[in-house]
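Undergrad: The structure under discussion is supplied below as structure tokens; questions concerning it will follow.
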Amino acid sequence: MPTVYVNDQPVELKPDERLNCIQAAQKAGVEIPHYCWHPSLSVVASCRMCLVEVGDKKPDGTVAMVPKVVPGCQTPVKDGTVIVTNSPKVQAAQRGTLEYLLLNHPLDCPVCDQAGECGLQDFSFKYGRAYSRLAEPKNQKKDKPYIGDQITLFTDRCIMCTRCVRFTREISGTAELQVVSRGSGEEIDIFPGKPCNNKLAGNVVDLCPVGALCSKDFLYEQRVWWLKGKNSVCAGCSTGCSIRVDQNKDVVYRLKPRSNPLAQGEFMCDEGRFGWKYIHSEHRLKFPMQKLPAGITPVSWPQILPALRQALTEAAKRAPEKLAVVLTPFMTVEEAYLLCKYLKSLSPAARLLMTPAPVVGADDSYPKDLRGQAAPQPKFTIRAEKAPNRAGVELVLHHFGGTVESLDSILAQVSQGTLEAVYLTAGSPEGWITDEQAKSLAKAKLVIVQDLLDSPALPWATFVLPGTSWAERDGTFVNHAGLAQAIHRGLRSPGDAWPDGRICFELAGRTGIFHAPTIRQEIAGEIPALAALIVGDLGDEGIFLKSAGETASAADSETQVPVTGGSRS
Amino acid sequence: MSTYEPVLLARIHKEQSHTLDSYLADGGYESFKKALGMTPVEVTTLVKDSGLRGRGGAGFPTGLKWTFLPKDHPGPIYLAVNGDESEPGTFNNRILLEKDPHQVLEGIAISCYAIRSNTAYLYLRYEYGAAWRALQKAVAECYEKGIFGKNVFGSGFDLDVRLHRGAAAYICGEETGLIESLEGKRAWPRIKPPFPAIEGLFRKPTIVNNIETMACVTQILKRGIDWFKSIGVPPDPNNPRDAGSYGPKLYCLSGHVNKPGCYEVPLGITARQLIQEYGGGVPGGRGIKAVVPGGISMGFLAPSELDTPLDFNGPGKVGCLGLGTAAVVVIDDQTSMVDVVYNTARFFAHESCGQCTPCREGTNWMQRILHRIRSGQGRMEDLDLLLEVSGGIGMMPGTTICGLADGAGWPVKNAIRKFRSEFEEYIQSGRSTIKPCELIGAH
């Protein structure tokens, strides 16, 4: 085993692991401050913040140190490498670099969006000096409010790490950003008339270690220390980017990508990043409603649930083959399971249907070349399938013997009378039904709509169940590659809306409270294709359904059931 | 010393010395033909054995550099010739390129053959208009006469020489900065390793050599190793790492001297000899306060150090960075060192490429501190601050990628160490040597 010594602490590497000093130190729990280095971008070693002393431990135990400091990001480690991050020489170099970085930095932290999560603040506090020795006025550079539709640049805060420039060249491939001028007059800029508006542009704001590139959407909205973050998964497409939902007082302010090598890597697209606004839509459904003789009336959950159960039971008795629940790819695995299980308990003959995931255009891969063609080995893909959990819901559906049918086909069956009672789950942020389509529902005897937004279907509904957005509920999403990731409830729902999982749980008349990990384990025991969920807690990165995780029952050969396959047990 | 007969500059005073006809009449391209008769390894060994060290500044043995190329590389291998002569005080490449471009082109041809390269790029400083025109003409003549192109002299060796004119940036003289610039990118020096000999221009093995080095290669082929080794200073027996300082060198003498100019002299001449015997002394018989031994980034020689031999080792022994480009700038006793150092600092602050934080901010900070001192607002602690900044930036402490910061910090540090009393006196007097016209700025 190759061994690296970080401040005399031995760290073992895997035989074929290729790390630099920063990564090796991270393994030892030692932080090497850095700005320009980023795991997904090329190494430029220009910020000079990660300077460390390195040496070589000889077999006889002697250590030969390199006589100068070297950038940790550029220095690969091998067996016997000695890294020193706390010697007086290194500390002097760190202090020096920070003094240079802060020399012309405006120190406008009180009005800076980045304050609180700023690399300059953090590292200055830990490694810098408390005062500046600059006696001259600071360089002042003009702000550039329009770098892109979503991006503004506070030029004087920039520390020229060039992460943003490298991102647009290496990940998006669009290369809008560049460095202009030279020396201390250097600035980040765009070519006139060519703004940074690519679909991944928002990432440059995340990449910026200081408050130079700011998101116009988040600008001056909230101090970051008030924000409470919950790990979740973007519901925008089937890529399933790992994200964090930052909210305060039940108001979402921004989404940030989390690093997840199993899902998308380090980034997320702007479609997802800014596509959460419907969460706070004024058209959100806030109270359960029931059609009474007096018209559609808001009622309380304790009133509506028994009534709904009764209506469903009667429908199942009357004509079970005319009762259907319509799942959507916006549901979590748990919700789909609870609902299917409940319906099948009413009558095995009841039908399970699912609407297909909306597909918009084709998969959009990056980096792009000058002609807009994607590189052969994409680093990021925005998928055409604009739903987070088609794979997961389909697994449940197929297990219970359901089928995927288009909404039109389902509505046609309603018009023809082959379906009398339909339980429609929606959850799509886009309108999922038109006025014209909704008219077909007039024929149905029982229409239940579980949705988060107002829709043309509501006037025909006997029961309206206010659900929640993905940010307000717990559950599991399975992405295009079969990676199951947990979403977490980041904020409370408006009014009396319940997380969909809870609605399904309580509707099924189960005792206790809805707890996603417990349901996950139950599902794992019942549906072989989802056996990997046995762990309950999926962790931050999630687990692949096909290659069973460490704690999943690896011996169970049925875990190898293909994602789209499955049969009724 | 004055009996030395110039070799590199032998032809520059001839009529039409820049033309191919004139060069051929003087036995031109015979050395190239001679090299083509040898194997590339033999040529490399010959250059290696001659002890030729790069004339660009660092003094790295040229032949040794050529041997760093990967063996049996399928190619292409490139030769990049560094004509981005931007070090203040240096103008020897200019003389060679304007007056005798074929001598340089012949050296390029020989070097290409030696390193098995079929393409050479000559990177020329933007400001050298006359040299650019002379080179364009010279290269066209060579193609016309079959000296360049396919199957030169029927040897089966193909050679392309491409000219590239820079855009006036000092940093393009740094070898990896030059490579980046040739590739059409911003001239930000690359991180090493990999060194250019392994992965350089267009990610192929590349050798970067100086113009004067190329001229020396021509002469070594023409006159032999023994001739070359008979000139200059042999290695210091007490220093096993010293490779010696053989051969003639083009010293660029400027500043306060009666006869400034480019003088070809054997390596190892002392600064005093150069100034007195070649430069004709300081105008008006004034005293010498300081001498820059080799381009402004090398530091200063104090009057007591004028007998330092200007070879690859001499300046280093008295606290200078090295011989550099052998551009000797004389500063007389009427000049304020504060002004000299300010001018130096301003140059480097302007030329810093801005990639590494310490250089980008440090060079600018030094300039501003010195500007403040010159405006009469200096403080004594500024000198220690300047020493700290100038000593903390650069490749030597490890805080930057390339050597520009070393060169920016060295003259400041060197001048404050050697002339500290003058700086202190200047600060204490509270006077200002800023003249109103300077506010307009030189750029």
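Chain labels A, B, ... are given in the sequence in which chains occur in the structure tokens; within each chain residues are numbered consecutively from 1, and ligands are likewise numbered from 1 in the order shown.
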Set the distance at 9 Å and use only C-alpha atoms: which residues neighbour Gly183 in chain A once local chain neighbours fewer than 4 positions away are removed? I'd like the list as a list of chain:residue names.

TA: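 Surrounding residues, per the criterion: B:Phe348, B:Ala349, B:His350, B:Glu351, B:Ser352, B:Cys353, B:Gly354, B:Gln355, B:Cys359, B:Arg360, B:Glu361, B:Thr363, B:Asn364.
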
Undergrad: Should the cut-off be 6 Å, what would the residue list for chain A against chain B look like, counting only C-alpha atoms, as a list in words?

TA: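 Listed by rising number, the hits are Ser46, Cys47, Lys68, Val69, Val70, Tyr100, Arg182, Gly183 and Ser184 of chain A.
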
Undergrad: For the residues in the current selection, export N, CA and C atoms as a PDB file, in the first residue's frame.

TA:
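As written to disk, out_21.pdb reads:
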```pdb
ATOM      1  N   SER A  46      -2.241  28.684 -10.103  1.00  0.00           N
ATOM      2  CA  SER A  46      -1.921  30.096 -10.197  1.00  0.00           C
ATOM      3  C   SER A  46      -2.290  30.901  -8.964  1.00  0.00           C
ATOM      4  N   CYS A  47      -3.206  30.406  -8.125  1.00  0.00           N
ATOM      5  CA  CYS A  47      -3.563  31.246  -6.982  1.00  0.00           C
ATOM      6  C   CYS A  47      -2.490  31.197  -5.912  1.00  0.00           C
ATOM      7  N   LYS A  68      12.055  24.394  -1.564  1.00  0.00           N
ATOM      8  CA  LYS A  68      11.108  25.509  -1.639  1.00  0.00           C
ATOM      9  C   LYS A  68       9.685  25.002  -1.464  1.00  0.00           C
ATOM     10  N   VAL A  69       8.764  25.936  -1.303  1.00  0.00           N
ATOM     11  CA  VAL A  69       7.364  25.526  -1.210  1.00  0.00           C
ATOM     12  C   VAL A  69       6.851  25.215  -2.617  1.00  0.00           C
ATOM     13  N   VAL A  70       5.922  24.278  -2.699  1.00  0.00           N
ATOM     14  CA  VAL A  70       5.354  23.910  -3.999  1.00  0.00           C
ATOM     15  C   VAL A  70       3.837  23.947  -3.893  1.00  0.00           C
ATOM     16  N   TYR A 100      -1.597  39.283  -0.457  1.00  0.00           N
ATOM     17  CA  TYR A 100      -1.662  39.751  -1.843  1.00  0.00           C
ATOM     18  C   TYR A 100      -3.100  39.718  -2.362  1.00  0.00           C
ATOM     19  N   ARG A 182      -3.812  42.730 -18.256  1.00  0.00           N
ATOM     20  CA  ARG A 182      -2.817  41.863 -17.608  1.00  0.00           C
ATOM     21  C   ARG A 182      -2.312  42.483 -16.320  1.00  0.00           C
ATOM     22  N   GLY A 183      -1.515  41.714 -15.612  1.00  0.00           N
ATOM     23  CA  GLY A 183      -0.981  42.168 -14.337  1.00  0.00           C
ATOM     24  C   GLY A 183      -2.109  42.466 -13.372  1.00  0.00           C
ATOM     25  N   SER A 184      -1.925  43.464 -12.523  1.00  0.00           N
ATOM     26  CA  SER A 184      -2.950  43.726 -11.517  1.00  0.00           C
ATOM     27  C   SER A 184      -4.155  44.421 -12.132  1.00  0.00           C
TER      28      SER A 184
END
```

Undergrad: Please report the interatomic distance between CA of Gly128 in chain A and CA of Phe154 in chain A in Å with one decimal.

TA: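 CA of Gly128 in chain A sits 22.6 Å away from CA of Phe154 in chain A.
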
Undergrad: Which polymer residues have any atom within 10 Å of an atom of range 50-58 of chain A, counting only C-alpha atoms, with same-chain residues fewer than 5 positions away left out, as a VMD selection string?

TA: (chain A and resid 3 to 7 21 to 22 31 to 37 45 63 to 75 77 to 87 89 to 94 97) or (chain B and resid 398 to 399)

Undergrad: As a PyMOL selection string, which residues of range 74-267 of chain A does DSSP assign to strand (DSSP E or B)?

TA: chain A and resi 76+81-84+144+151-153+177-180+187-190+213-215+228-233+242-248+251-257+260+265

Undergrad: I'd like the interatomic distance between CA of Ile331 in chain B and CA of Glu425 in chain B, to a tenth of an Å.

TA: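 Taking CA of Ile331 in chain B as the start and CA of Glu425 in chain B as the end point, the length is 18.7 Å.
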
Undergrad: If you count only C-alpha atoms, which residues fall within 10 Å of Val210 in chain A, apart from same-chain ones fewer than 3 positions away, as a list in words?

TA: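 Using only C-alpha atoms, the neighbours found are Tyr35, Cys112, Asp113, Gln114, Ala115, Glu117, Cys118, Gly119, Leu120, Gln121, Phe154, Arg157, Cys158, Ile159, Met160, Cys161, Val205, Asp206, Leu207, Leu213 and Cys214 of chain A.
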
Undergrad: Do a neighbour search on range 143-152 of chain B at 12 Å with only C-alpha atoms, toss out local chain neighbours closer than 2 positions, and write the hits as a VMD selection string.

TA: chain B and resid 20 to 21 24 28 to 30 32 to 33 36 102 105 to 106 108 to 110 112 to 113 118 to 120 136 to 141 154 to 162

Undergrad: Name the residues in contact with Cys320 in chain B at a cut-off of 8 Å, using only C-alpha atoms, excluding same-chain residues fewer than 2 positions from it; report them as a count of residues only.

TA: 12

Undergrad: Could you work out how far CA of Cys252 in chain B lies from CA of Thr325 in chain B, giving the answer in Å with one decimal?

TA: 8.4 Å

Undergrad: Tell me which protein, DNA and RNA residues are within 6 Å of range 280-297 of chain A, counting only C-alpha atoms, leaving out same-chain ones fewer than 6 positions away, and put them as a ChimeraX atom specification.

TA: /A:452-454,462-466,494-497

Undergrad: Can you check which residues of range 270-437 of chain B DSSP gives as alpha helix (DSSP H) on the backbone and send them as a short mmCIF file (atom, residue, chain, number, x, y, z; two decimals) with N, CA and C atoms, in the first residue's frame?

TA:
```
data_model
loop_
_atom_site.label_atom_id
_atom_site.label_comp_id
_atom_site.auth_asym_id
_atom_site.auth_seq_id
_atom_site.Cartn_x
_atom_site.Cartn_y
_atom_site.Cartn_z
N ALA B 271 33.17 44.17 -15.98
CA ALA B 271 32.30 45.32 -16.28
C ALA B 271 33.16 46.56 -16.51
N ARG B 272 34.22 46.70 -15.71
CA ARG B 272 35.05 47.91 -15.83
C ARG B 272 35.72 47.95 -17.21
N GLN B 273 36.27 46.79 -17.64
CA GLN B 273 36.91 46.74 -18.96
C GLN B 273 35.93 47.11 -20.06
N GLY B 314 30.01 34.98 -12.64
CA GLY B 314 30.49 36.18 -11.96
C GLY B 314 29.43 36.98 -11.24
N PRO B 315 28.40 37.46 -11.94
CA PRO B 315 27.42 38.33 -11.27
C PRO B 315 26.75 37.65 -10.08
N GLY B 316 26.57 36.34 -10.18
CA GLY B 316 25.93 35.62 -9.09
C GLY B 316 26.73 35.69 -7.81
N LYS B 317 28.06 35.79 -7.94
CA LYS B 317 28.90 35.80 -6.74
C LYS B 317 28.78 37.10 -5.96
N MET B 337 19.09 56.20 -7.26
CA MET B 337 18.77 54.77 -7.34
C MET B 337 17.28 54.54 -7.09
N VAL B 338 16.67 55.44 -6.33
CA VAL B 338 15.23 55.30 -6.08
C VAL B 338 14.48 55.40 -7.41
N ASP B 339 14.92 56.35 -8.24
CA ASP B 339 14.28 56.50 -9.55
C ASP B 339 14.53 55.27 -10.42
N VAL B 340 15.76 54.77 -10.36
CA VAL B 340 16.09 53.60 -11.19
C VAL B 340 15.22 52.41 -10.78
N VAL B 341 15.15 52.20 -9.46
CA VAL B 341 14.40 51.04 -8.98
C VAL B 341 12.91 51.23 -9.26
N TYR B 342 12.43 52.45 -9.15
CA TYR B 342 11.02 52.69 -9.46
C TYR B 342 10.72 52.34 -10.91
N ASN B 343 11.61 52.79 -11.78
CA ASN B 343 11.41 52.54 -13.20
C ASN B 343 11.39 51.03 -13.48
N THR B 344 12.29 50.33 -12.81
CA THR B 344 12.33 48.88 -12.94
C THR B 344 11.03 48.25 -12.47
N ALA B 345 10.61 48.69 -11.27
CA ALA B 345 9.41 48.10 -10.68
C ALA B 345 8.19 48.39 -11.55
N ARG B 346 8.17 49.60 -12.14
CA ARG B 346 7.03 49.93 -12.99
C ARG B 346 6.98 49.02 -14.21
N PHE B 347 8.17 48.76 -14.75
CA PHE B 347 8.23 47.89 -15.92
C PHE B 347 7.65 46.51 -15.59
N PHE B 348 8.09 45.95 -14.48
CA PHE B 348 7.64 44.58 -14.18
C PHE B 348 6.17 44.54 -13.75
N ALA B 349 5.71 45.58 -13.09
CA ALA B 349 4.29 45.63 -12.74
C ALA B 349 3.45 45.66 -14.01
N HIS B 350 3.97 46.36 -15.01
CA HIS B 350 3.25 46.45 -16.28
C HIS B 350 3.30 45.15 -17.06
N GLU B 351 4.42 44.43 -16.91
CA GLU B 351 4.61 43.23 -17.73
C GLU B 351 4.20 41.94 -17.04
N THR B 357 -0.83 34.92 -8.15
CA THR B 357 -1.18 36.00 -7.23
C THR B 357 0.02 36.79 -6.73
N PRO B 358 1.08 36.15 -6.21
CA PRO B 358 2.16 36.94 -5.62
C PRO B 358 2.80 37.92 -6.61
N CYS B 359 2.96 37.49 -7.86
CA CYS B 359 3.59 38.35 -8.85
C CYS B 359 2.62 39.44 -9.29
N ARG B 360 1.38 39.04 -9.55
CA ARG B 360 0.39 40.00 -10.03
C ARG B 360 0.22 41.15 -9.04
N GLU B 361 0.06 40.81 -7.77
CA GLU B 361 -0.19 41.84 -6.77
C GLU B 361 1.12 42.42 -6.24
N GLY B 362 2.13 41.56 -6.10
CA GLY B 362 3.40 42.00 -5.51
C GLY B 362 4.12 43.03 -6.36
N THR B 363 4.18 42.79 -7.68
CA THR B 363 4.89 43.73 -8.54
C THR B 363 4.19 45.09 -8.52
N ASN B 364 2.88 45.04 -8.53
CA ASN B 364 2.11 46.28 -8.51
C ASN B 364 2.27 47.01 -7.18
N TRP B 365 2.31 46.23 -6.12
CA TRP B 365 2.46 46.83 -4.79
C TRP B 365 3.82 47.52 -4.67
N MET B 366 4.85 46.83 -5.15
CA MET B 366 6.20 47.42 -5.08
C MET B 366 6.25 48.73 -5.85
N GLN B 367 5.63 48.72 -7.01
CA GLN B 367 5.62 49.95 -7.81
C GLN B 367 4.94 51.08 -7.04
N ARG B 368 3.85 50.74 -6.38
CA ARG B 368 3.11 51.79 -5.69
C ARG B 368 3.83 52.28 -4.45
N ILE B 369 4.51 51.35 -3.76
CA ILE B 369 5.31 51.79 -2.61
C ILE B 369 6.41 52.72 -3.09
N LEU B 370 7.08 52.33 -4.16
CA LEU B 370 8.18 53.15 -4.66
C LEU B 370 7.67 54.49 -5.19
N HIS B 371 6.50 54.45 -5.78
CA HIS B 371 5.92 55.70 -6.25
C HIS B 371 5.65 56.63 -5.07
N ARG B 372 5.16 56.04 -3.99
CA ARG B 372 4.87 56.85 -2.80
C ARG B 372 6.17 57.42 -2.23
N MET B 380 10.28 54.73 6.68
CA MET B 380 11.44 53.85 6.80
C MET B 380 11.03 52.37 6.69
N GLU B 381 9.87 52.05 7.27
CA GLU B 381 9.49 50.63 7.25
C GLU B 381 9.14 50.14 5.84
N ASP B 382 8.95 51.09 4.94
CA ASP B 382 8.68 50.69 3.55
C ASP B 382 9.83 49.87 2.98
N LEU B 383 11.05 50.18 3.41
CA LEU B 383 12.20 49.47 2.86
C LEU B 383 12.15 48.00 3.26
N ASP B 384 11.81 47.74 4.50
CA ASP B 384 11.71 46.34 4.93
C ASP B 384 10.54 45.65 4.25
N LEU B 385 9.47 46.41 4.05
CA LEU B 385 8.32 45.84 3.35
C LEU B 385 8.70 45.48 1.91
N LEU B 386 9.44 46.39 1.27
CA LEU B 386 9.89 46.12 -0.09
C LEU B 386 10.78 44.88 -0.13
N LEU B 387 11.66 44.78 0.87
CA LEU B 387 12.54 43.60 0.91
C LEU B 387 11.72 42.33 1.09
N GLU B 388 10.69 42.42 1.93
CA GLU B 388 9.88 41.23 2.18
C GLU B 388 9.11 40.83 0.92
N VAL B 389 8.50 41.82 0.27
CA VAL B 389 7.72 41.51 -0.94
C VAL B 389 8.63 40.99 -2.03
N SER B 390 9.76 41.71 -2.26
CA SER B 390 10.63 41.32 -3.37
C SER B 390 11.27 39.96 -3.11
N GLY B 391 11.47 39.62 -1.84
CA GLY B 391 12.07 38.32 -1.54
C GLY B 391 11.07 37.20 -1.52
N GLY B 392 9.80 37.54 -1.40
CA GLY B 392 8.77 36.49 -1.24
C GLY B 392 8.12 36.08 -2.53
N LEU B 404 9.52 35.46 -13.88
CA LEU B 404 9.36 36.91 -14.01
C LEU B 404 9.40 37.59 -12.65
N ALA B 405 8.77 36.96 -11.67
CA ALA B 405 8.71 37.59 -10.35
C ALA B 405 10.10 37.62 -9.70
N ASP B 406 10.91 36.59 -9.96
CA ASP B 406 12.28 36.64 -9.45
C ASP B 406 12.99 37.85 -10.02
N GLY B 407 12.81 38.04 -11.33
CA GLY B 407 13.46 39.17 -11.99
C GLY B 407 12.89 40.50 -11.56
N ALA B 408 11.61 40.49 -11.15
CA ALA B 408 11.00 41.74 -10.71
C ALA B 408 11.46 42.09 -9.30
N GLY B 409 11.62 41.08 -8.49
CA GLY B 409 11.99 41.33 -7.10
C GLY B 409 13.47 41.58 -6.92
N TRP B 410 14.29 40.94 -7.78
CA TRP B 410 15.72 40.99 -7.56
C TRP B 410 16.31 42.40 -7.59
N PRO B 411 16.03 43.20 -8.60
CA PRO B 411 16.65 44.54 -8.60
C PRO B 411 16.22 45.37 -7.40
N VAL B 412 14.98 45.20 -6.95
CA VAL B 412 14.51 45.97 -5.80
C VAL B 412 15.28 45.57 -4.55
N LYS B 413 15.32 44.28 -4.35
CA LYS B 413 15.99 43.72 -3.17
C LYS B 413 17.47 44.04 -3.20
N ASN B 414 18.07 43.87 -4.40
CA ASN B 414 19.49 44.09 -4.58
C ASN B 414 19.87 45.55 -4.35
N ALA B 415 19.04 46.42 -4.89
CA ALA B 415 19.34 47.85 -4.75
C ALA B 415 19.20 48.30 -3.31
N ILE B 416 18.17 47.80 -2.62
CA ILE B 416 17.99 48.24 -1.23
C ILE B 416 19.14 47.70 -0.37
N ARG B 417 19.60 46.49 -0.66
CA ARG B 417 20.71 45.95 0.12
C ARG B 417 21.99 46.75 -0.15
N LYS B 418 22.23 47.06 -1.42
CA LYS B 418 23.50 47.68 -1.77
C LYS B 418 23.49 49.20 -1.61
N ARG B 420 21.19 50.98 0.51
CA ARG B 420 20.18 51.27 1.53
C ARG B 420 20.31 52.69 2.07
N SER B 421 21.55 53.13 2.26
CA SER B 421 21.73 54.46 2.85
C SER B 421 21.12 55.53 1.94
N GLU B 422 21.23 55.30 0.64
CA GLU B 422 20.66 56.29 -0.29
C GLU B 422 19.14 56.31 -0.18
N PHE B 423 18.54 55.14 -0.08
CA PHE B 423 17.09 55.07 0.07
C PHE B 423 16.65 55.76 1.37
N GLU B 424 17.42 55.47 2.45
CA GLU B 424 17.06 56.06 3.74
C GLU B 424 17.17 57.58 3.70
N GLU B 425 18.24 58.02 3.06
CA GLU B 425 18.44 59.46 2.96
C GLU B 425 17.31 60.11 2.16
N TYR B 426 16.91 59.41 1.10
CA TYR B 426 15.85 59.93 0.23
C TYR B 426 14.54 60.05 1.01
N ILE B 427 14.24 59.00 1.77
CA ILE B 427 12.98 59.00 2.53
C ILE B 427 13.00 60.10 3.59
N GLN B 428 14.14 60.18 4.29
CA GLN B 428 14.25 61.18 5.36
C GLN B 428 14.14 62.60 4.82
N SER B 429 14.71 62.82 3.63
CA SER B 429 14.69 64.18 3.09
C SER B 429 13.27 64.60 2.71
#
```

Undergrad: Which residue gives the smallest distance to Ser50 in chain B among B:Thr67, B:Thr19, B:Gln103, B:Ser230, with only C-alpha atoms counted?

TA: B:Ser230
